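A.B. asks: Data: start_16.csv, CSV, C-alpha atoms and all ligand atoms.
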```
chain,number,residue,atom,x,y,z
U,1193,MET,CA,138.0,119.5,80.6
U,1194,ASN,CA,137.3,122.6,82.6
U,1195,THR,CA,139.0,126.1,82.2
U,1196,HIS,CA,141.4,125.4,85.0
U,1197,GLU,CA,142.7,122.3,83.3
U,1198,LEU,CA,142.9,124.1,80.0
U,1199,ASN,CA,145.1,126.7,81.6
U,1200,ARG,CA,147.5,124.1,82.9
U,1201,VAL,CA,148.0,122.4,79.5
U,1202,ARG,CA,148.0,125.6,77.5
U,1203,PRO,CA,151.5,126.3,76.0
U,1204,ARG,CA,152.7,129.4,77.8
U,1205,SER,CA,156.4,129.7,77.8
U,1206,ILE,CA,158.3,132.0,75.5
U,1207,THR,CA,162.1,132.1,75.6
U,1208,PHE,CA,164.3,134.5,73.6
U,1209,LEU,CA,167.9,133.6,72.9
U,1210,THR,CA,170.7,135.0,70.8
U,1211,LEU,CA,172.2,132.4,68.5
U,1212,PRO,CA,174.5,132.5,65.4
U,1213,GLY,CA,172.2,133.8,62.7
U,1214,PRO,CA,171.1,131.9,59.5
U,1215,THR,CA,173.2,134.1,57.2
U,1216,ARG,CA,176.6,133.1,56.0
U,1217,LYS,CA,178.3,135.5,58.5
U,1218,ARG,CA,176.4,133.8,61.3
U,1219,LEU,CA,175.9,137.2,63.0
U,1220,PRO,CA,174.2,136.9,66.4
U,1221,SER,CA,170.5,137.0,65.8
U,1222,PRO,CA,167.4,136.9,68.1
U,1223,TYR,CA,165.6,133.6,68.2
U,1224,CYS,CA,162.3,133.0,69.8
U,1225,TYR,CA,161.4,129.6,71.4
U,1226,ARG,CA,157.7,129.0,72.0
U,1227,LEU,CA,156.7,126.0,74.0
U,1228,THR,CA,153.9,124.4,72.2
U,1229,TYR,CA,153.6,121.1,74.2
U,1230,GLU,CA,154.6,119.9,77.6
U,1231,THR,CA,153.8,116.5,78.9
U,1232,ARG,CA,152.1,116.1,82.3
U,1233,THR,CA,154.0,112.8,82.9
U,1234,PRO,CA,157.6,113.8,82.4
U,1235,MET,CA,159.0,110.7,84.1
U,1236,LEU,CA,157.3,108.4,81.5
U,1237,PRO,CA,158.8,107.5,78.1
U,1238,GLY,CA,157.5,109.6,75.3
U,1239,CYS,CA,157.5,113.2,74.0
U,1240,LEU,CA,158.2,115.5,76.9
U,1241,MET,CA,158.3,119.0,75.4
U,1242,VAL,CA,158.0,120.6,71.9
U,1243,TRP,CA,159.1,124.1,71.0
U,1244,ASP,CA,158.6,126.1,67.8
U,1245,VAL,CA,161.8,128.0,67.0
U,1246,MET,CA,161.5,131.2,65.1
U,1247,GLY,CA,164.3,133.5,63.8
U,1248,GLY,CA,166.0,131.2,61.3
U,1249,ARG,CA,165.3,130.7,57.7
U,1250,ASP,CA,162.2,128.8,58.6
U,1251,ILE,CA,160.2,127.8,61.7
U,1252,TYR,CA,161.7,124.6,63.2
U,1253,GLN,CA,160.6,122.3,65.9
U,1254,VAL,CA,162.7,121.1,68.7
U,1255,VAL,CA,161.5,118.0,70.5
U,1256,LEU,CA,162.7,116.6,73.9
U,1257,GLU,CA,161.8,113.0,74.2
U,1258,ARG,CA,162.4,110.3,76.9
U,1259,ASN,CA,163.2,106.9,75.4
U,1260,GLU,CA,162.3,103.5,76.8
U,1261,GLN,CA,165.7,103.4,78.6
U,1262,GLY,CA,164.8,106.6,80.4
U,1263,CYS,CA,167.4,108.7,78.5
U,1264,LEU,CA,166.5,112.2,77.2
U,1265,CYS,CA,166.8,112.7,73.4
U,1266,TRP,CA,166.8,116.0,71.5
U,1267,HIS,CA,165.5,116.3,68.0
U,1268,CYS,CA,165.3,119.3,65.7
U,1269,THR,CA,163.8,119.7,62.3
U,1270,CYS,CA,166.3,122.2,61.0
U,1271,PRO,CA,168.6,121.2,58.0
U,1272,ASP,CA,171.7,121.3,60.2
U,1273,ALA,CA,170.3,118.7,62.6
U,1274,VAL,CA,169.0,116.5,59.8
U,1275,TYR,CA,172.4,116.7,58.1
U,1276,ARG,CA,174.3,115.8,61.3
U,1277,GLY,CA,171.9,112.8,61.8
U,1278,GLU,CA,170.4,111.4,65.0
U,1279,SER,CA,173.5,109.3,65.9
U,1280,ARG,CA,175.9,112.2,66.3
U,1281,ALA,CA,176.7,113.4,69.8
U,1282,SER,CA,176.6,117.1,68.9
U,1283,HIS,CA,173.4,119.0,68.5
U,1284,CYS,CA,172.4,121.9,66.3
U,1285,LYS,CA,172.5,125.4,67.7
U,1286,HIS,CA,168.8,125.4,68.5
U,1287,VAL,CA,169.2,122.4,70.8
U,1288,HIS,CA,172.4,123.8,72.3
U,1289,GLY,CA,170.6,127.1,73.0
U,1290,LEU,CA,167.8,125.4,74.9
U,1291,GLN,CA,170.2,123.2,76.8
U,1292,SER,CA,172.1,126.4,77.9
U,1293,VAL,CA,168.9,127.9,79.2
U,1294,GLY,CA,168.3,124.8,81.3
U,1295,ARG,CA,171.7,125.0,82.9
U,1296,GLN,CA,171.2,128.7,83.7
U,1297,SER,CA,168.0,128.1,85.5
U,1298,THR,CA,169.2,125.2,87.7
A,1301,ZN,ZN,168.1,122.9,64.9
```
Translate this file's structure into structure tokens.
Ligand SMILES: [Zn+2]

C.D. replies:
Amino acid sequence: MNTHELNRVRPRSITFLTLPGPTRKRLPSPYCYRLTYETRTPMLPGCLMVWDVMGGRDIYQVVLERNEQGCLCWHCTCPDAVYRGESRASHCKHVHGLQSVGRQST
């Protein structure tokens, strides 16, 4: 792998969002999303993108995945997402935040 290829796969995207904070009052707090992985085959099933989310009680990971049916699935490692479970239609605030960024840029 040469330097040019390395630059293309190197995680590069940082996004800042204001989300309800981790405290009981849920005051708006700055969150930083750092893209740590992006697939080069986005139309194929598998993991498409991974972000580290900083600003909460812990660093969480949000994963965007394409399943075998071609549908996009969001996963987050935060306690809220784990509590809600994968089957629920609603997502945690970290996923919601990323989805809102996607809508703004299209
Ligand atoms: Zn989350």

A.B. asks: Show me which residues are within 7 Å of ligand ZN 1301 (chain A) counting all atoms listed in the file, and format the list as a PyMOL selection string.

C.D. replies: chain U and resi 1252+1254+1268-1270+1272-1273+1284-1287

A.B. asks: Any idea what the distance is between CA of Tyr1223 in chain U and CA of Gly1238 in chain U?

C.D. replies: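 One can read the CA of Tyr1223 in chain U to CA of Gly1238 in chain U distance as 26.3 Å.
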
A.B. asks: Enter the distance from CA of Ile1206 in chain U to CA of Gln1261 in chain U, in Å, rounded to one decimal.

C.D. replies: 29.7 Å

A.B. asks: Distance CA of Val1242 in chain U-CA of Tyr1229 in chain U, one decimal place?

C.D. replies: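 So the two atoms, CA of Val1242 in chain U and CA of Tyr1229 in chain U, lie 5.0 Å apart.
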
A.B. asks: For Met1241 in chain U, work out the shell of residues within 9 Å, counting only C-alpha atoms and skipping chain neighbours fewer than 2 positions away, then give it as a list in words.

C.D. replies: Leu1227, Thr1228, Tyr1229, Glu1230, Thr1231, Pro1234, Cys1239, Trp1243, Val1254, Val1255, Leu1256 and Glu1257 of chain U

A.B. asks: Just to be explicit: take each residue in the selection above, keep C-alpha atoms, and write the result as a PDB file, keeping the file's coordinate frame.

C.D. replies:
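Written output follows (result_22.pdb):
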```
ATOM      1  CA  LEU U1227     156.700 126.000  74.000  1.00  0.00           C
ATOM      2  CA  THR U1228     153.900 124.400  72.200  1.00  0.00           C
ATOM      3  CA  TYR U1229     153.600 121.100  74.200  1.00  0.00           C
ATOM      4  CA  GLU U1230     154.600 119.900  77.600  1.00  0.00           C
ATOM      5  CA  THR U1231     153.800 116.500  78.900  1.00  0.00           C
ATOM      6  CA  PRO U1234     157.600 113.800  82.400  1.00  0.00           C
ATOM      7  CA  CYS U1239     157.500 113.200  74.000  1.00  0.00           C
ATOM      8  CA  TRP U1243     159.100 124.100  71.000  1.00  0.00           C
ATOM      9  CA  VAL U1254     162.700 121.100  68.700  1.00  0.00           C
ATOM     10  CA  VAL U1255     161.500 118.000  70.500  1.00  0.00           C
ATOM     11  CA  LEU U1256     162.700 116.600  73.900  1.00  0.00           C
ATOM     12  CA  GLU U1257     161.800 113.000  74.200  1.00  0.00           C
TER      13      GLU U1257
END
```

A.B. asks: Please tell me which residues are no farther than 9 Å from (168.0, 128.8, 72.3) in the file, counting only C-alpha atoms, and write them as a PDB file with C-alpha atoms, in the frame of the given file.

C.D. replies:
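Output contents, as saved in part-v1.pdb:
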```pdb
ATOM      1  CA  THR U1207     162.100 132.100  75.600  1.00  0.00           C
ATOM      2  CA  PHE U1208     164.300 134.500  73.600  1.00  0.00           C
ATOM      3  CA  LEU U1209     167.900 133.600  72.900  1.00  0.00           C
ATOM      4  CA  THR U1210     170.700 135.000  70.800  1.00  0.00           C
ATOM      5  CA  LEU U1211     172.200 132.400  68.500  1.00  0.00           C
ATOM      6  CA  TYR U1223     165.600 133.600  68.200  1.00  0.00           C
ATOM      7  CA  CYS U1224     162.300 133.000  69.800  1.00  0.00           C
ATOM      8  CA  TYR U1225     161.400 129.600  71.400  1.00  0.00           C
ATOM      9  CA  VAL U1245     161.800 128.000  67.000  1.00  0.00           C
ATOM     10  CA  LYS U1285     172.500 125.400  67.700  1.00  0.00           C
ATOM     11  CA  HIS U1286     168.800 125.400  68.500  1.00  0.00           C
ATOM     12  CA  VAL U1287     169.200 122.400  70.800  1.00  0.00           C
ATOM     13  CA  HIS U1288     172.400 123.800  72.300  1.00  0.00           C
ATOM     14  CA  GLY U1289     170.600 127.100  73.000  1.00  0.00           C
ATOM     15  CA  LEU U1290     167.800 125.400  74.900  1.00  0.00           C
ATOM     16  CA  GLN U1291     170.200 123.200  76.800  1.00  0.00           C
ATOM     17  CA  SER U1292     172.100 126.400  77.900  1.00  0.00           C
ATOM     18  CA  VAL U1293     168.900 127.900  79.200  1.00  0.00           C
TER      19      VAL U1293
END
```

A.B. asks: Could you give me, as a CSV table (one decimal) with C-alpha atoms, in the coordinates of the input, the residues within 9 Å of Leu1236 in chain U, counting all atoms listed in the file and dropping anything in the same chain fewer than 5 positions from it?

C.D. replies:
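Result file is around.csv:
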```csv
chain,number,residue,atom,x,y,z
U,1258,ARG,CA,162.4,110.3,76.9
U,1259,ASN,CA,163.2,106.9,75.4
U,1260,GLU,CA,162.3,103.5,76.8
U,1262,GLY,CA,164.8,106.6,80.4
```
